[in-house]
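Visitor: Here you go, one structure.
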Amino acid sequence: MKITFDEEETVTINARDAAAFGFSEGSEVPEAVWEEFLKGQKSAAIAKCGKLLQDMDYSAKGLLDKLLRNGFPQEAAEYAVEKMQEAHYVDDVRYAATYLKYHLRDKSLKRIQMDLKAKGVPGDVVERVIREHEEEREGDIKESETEQAKRLLKKRRFDPDNPDPNAIRKQMAYLFGKGYGMDVIRRAMEELAQEDEESGTEPE
């Protein structure tokens, strides 16, 4: 059952626990009772974190949001996430680096950056991980993104021999929306055009 306290915080507990703590509509909850309730909720939230982290990795914000959606009080959810961070079961830097490594072949760096921020990874952490990757693979980034853009263009049946400016603009807009820079997009189109030309040339 869901119980709302002071028209602000809503938590989910079973009816037996609600009765045990004396929670009923319009009743006042003594501070000592609330503290005892929170103690149990903190333990339950930690246990829930263990189950969640067995299946997949989470950012701190992602794990917090998951606990809140499961009906844990804010204080209990924050406490559990903090304990997970202290034990290094949750680490935003590690999470961001793993996500970056996993998606390097199918997403642009800009898209990865946007995705990580959307998942609740702090901006400074995202920028740090991206910067370290760029410093480590400075010469490979544009080449990798160009290959990604070329694969996407092939999937979208890009025709290098079609001079229609509207068709070209649509393809460019699609790739730009995926986070690729205009220099990468142009390079991908030029390379596809060159590959098309070379494949159509008969050797002497």
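Just so we're on the same page: first chain in the structure tokens is A, next is B, and so on; residues restart at 1 for each chain, and ligands are numbered from 1 in the order they show up.
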Which residues are near stretch 92-99 of chain A? Cut-off 7 Å, only C-alpha atoms, ignore same chain within fewer than 3 positions. Put them as a PyMOL selection string.
Guide: chain A and resi 57-60+102-103+116+121+125-126+129
Visitor: Next, write the just-selected residues to a file, as a PDB file, in the first residue's frame, keeping N, CA, C and O atoms as the atom set.
Guide:
ATOM      1  N   ASP A  57      24.692  -2.308 -13.956  1.00  0.00           N
ATOM      2  CA  ASP A  57      25.375  -1.194 -13.292  1.00  0.00           C
ATOM      3  C   ASP A  57      24.480   0.035 -13.328  1.00  0.00           C
ATOM      4  O   ASP A  57      23.678   0.202 -14.249  1.00  0.00           O
ATOM      5  N   TYR A  58      24.603   0.885 -12.335  1.00  0.00           N
ATOM      6  CA  TYR A  58      23.807   2.104 -12.249  1.00  0.00           C
ATOM      7  C   TYR A  58      24.706   3.285 -11.921  1.00  0.00           C
ATOM      8  O   TYR A  58      25.708   3.142 -11.227  1.00  0.00           O
ATOM      9  N   SER A  59      24.301   4.453 -12.397  1.00  0.00           N
ATOM     10  CA  SER A  59      24.888   5.681 -11.883  1.00  0.00           C
ATOM     11  C   SER A  59      24.250   5.936 -10.527  1.00  0.00           C
ATOM     12  O   SER A  59      23.210   5.354 -10.191  1.00  0.00           O
ATOM     13  N   ALA A  60      24.855   6.799  -9.726  1.00  0.00           N
ATOM     14  CA  ALA A  60      24.289   7.093  -8.407  1.00  0.00           C
ATOM     15  C   ALA A  60      22.879   7.657  -8.537  1.00  0.00           C
ATOM     16  O   ALA A  60      21.964   7.259  -7.816  1.00  0.00           O
ATOM     17  N   TYR A 102      31.701   0.811 -24.218  1.00  0.00           N
ATOM     18  CA  TYR A 102      30.728  -0.103 -24.824  1.00  0.00           C
ATOM     19  C   TYR A 102      30.093   0.495 -26.078  1.00  0.00           C
ATOM     20  O   TYR A 102      29.780  -0.233 -27.029  1.00  0.00           O
ATOM     21  N   HIS A 103      29.894   1.830 -26.093  1.00  0.00           N
ATOM     22  CA  HIS A 103      29.147   2.454 -27.190  1.00  0.00           C
ATOM     23  C   HIS A 103      30.025   3.192 -28.200  1.00  0.00           C
ATOM     24  O   HIS A 103      29.492   3.852 -29.095  1.00  0.00           O
ATOM     25  N   LEU A 116      24.889  10.059 -21.101  1.00  0.00           N
ATOM     26  CA  LEU A 116      25.381   9.932 -19.723  1.00  0.00           C
ATOM     27  C   LEU A 116      24.768  10.999 -18.821  1.00  0.00           C
ATOM     28  O   LEU A 116      24.385  10.714 -17.681  1.00  0.00           O
ATOM     29  N   VAL A 121      24.570  11.131 -14.633  1.00  0.00           N
ATOM     30  CA  VAL A 121      25.994  11.257 -14.318  1.00  0.00           C
ATOM     31  C   VAL A 121      26.345  12.745 -14.312  1.00  0.00           C
ATOM     32  O   VAL A 121      26.034  13.461 -15.270  1.00  0.00           O
ATOM     33  N   VAL A 125      31.919  14.835 -14.279  1.00  0.00           N
ATOM     34  CA  VAL A 125      32.405  13.466 -14.428  1.00  0.00           C
ATOM     35  C   VAL A 125      32.392  13.060 -15.900  1.00  0.00           C
ATOM     36  O   VAL A 125      33.348  12.473 -16.403  1.00  0.00           O
ATOM     37  N   VAL A 126      31.307  13.394 -16.591  1.00  0.00           N
ATOM     38  CA  VAL A 126      31.199  13.071 -18.017  1.00  0.00           C
ATOM     39  C   VAL A 126      32.320  13.747 -18.802  1.00  0.00           C
ATOM     40  O   VAL A 126      32.998  13.108 -19.624  1.00  0.00           O
ATOM     41  N   VAL A 129      35.751  12.040 -18.186  1.00  0.00           N
ATOM     42  CA  VAL A 129      35.905  10.753 -18.866  1.00  0.00           C
ATOM     43  C   VAL A 129      36.081  10.953 -20.366  1.00  0.00           C
ATOM     44  O   VAL A 129      36.932  10.311 -20.995  1.00  0.00           O
TER      45      VAL A 129
END
Visitor: Quick one: of A:Ala193, A:Tyr89, A:Gly123, A:Lys61, who's nearest to A:Pro163, counting only C-alpha atoms?
Guide: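 Once distances to A:Pro163 are computed over only C-alpha atoms, the minimum belongs to A:Ala193.
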Visitor: Using only C-alpha atoms, determine which residues lie at most 12 Å from A:Tyr180, disregarding the query and same-chain residues fewer than 6 positions distant; provide the list as a list of chain:residue names.
Guide: A:Asp106, A:Lys107, A:Ser108, A:Leu109, A:Lys110, A:Arg111, A:Ile112, A:Ile141, A:Lys142, A:Glu143, A:Ser144, A:Glu145, A:Thr146, A:Glu147, A:Gln148, A:Ala149, A:Lys150, A:Leu152, A:Gln171, A:Met172, A:Ala173, A:Tyr174, A:Arg186, A:Arg187, A:Ala188
Visitor: Would you mind reading off the distance between atom CA of A:Lys101 and atom CA of A:Gly179, one decimal, in Å?
Guide: 16.7 Å
Visitor: Can you list, as number ranges by chain, every residue of stretch 60-123 of chain A that DSSP puts in alpha helix (DSSP H)?
Guide: A: 60-69, 74-86, 92-103, 109-118, 123
Visitor: Tell me, as a count of residues only, which residues lie within 12 Å of stretch 62-76 of chain A, counting only C-alpha atoms; anything in the same chain fewer than 6 positions away does not count.
Guide: 49
Visitor: Distance atom CA of A:His133-atom CA of A:Gln113, one decimal place?
Guide: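 So the answer is 11.9 Å.
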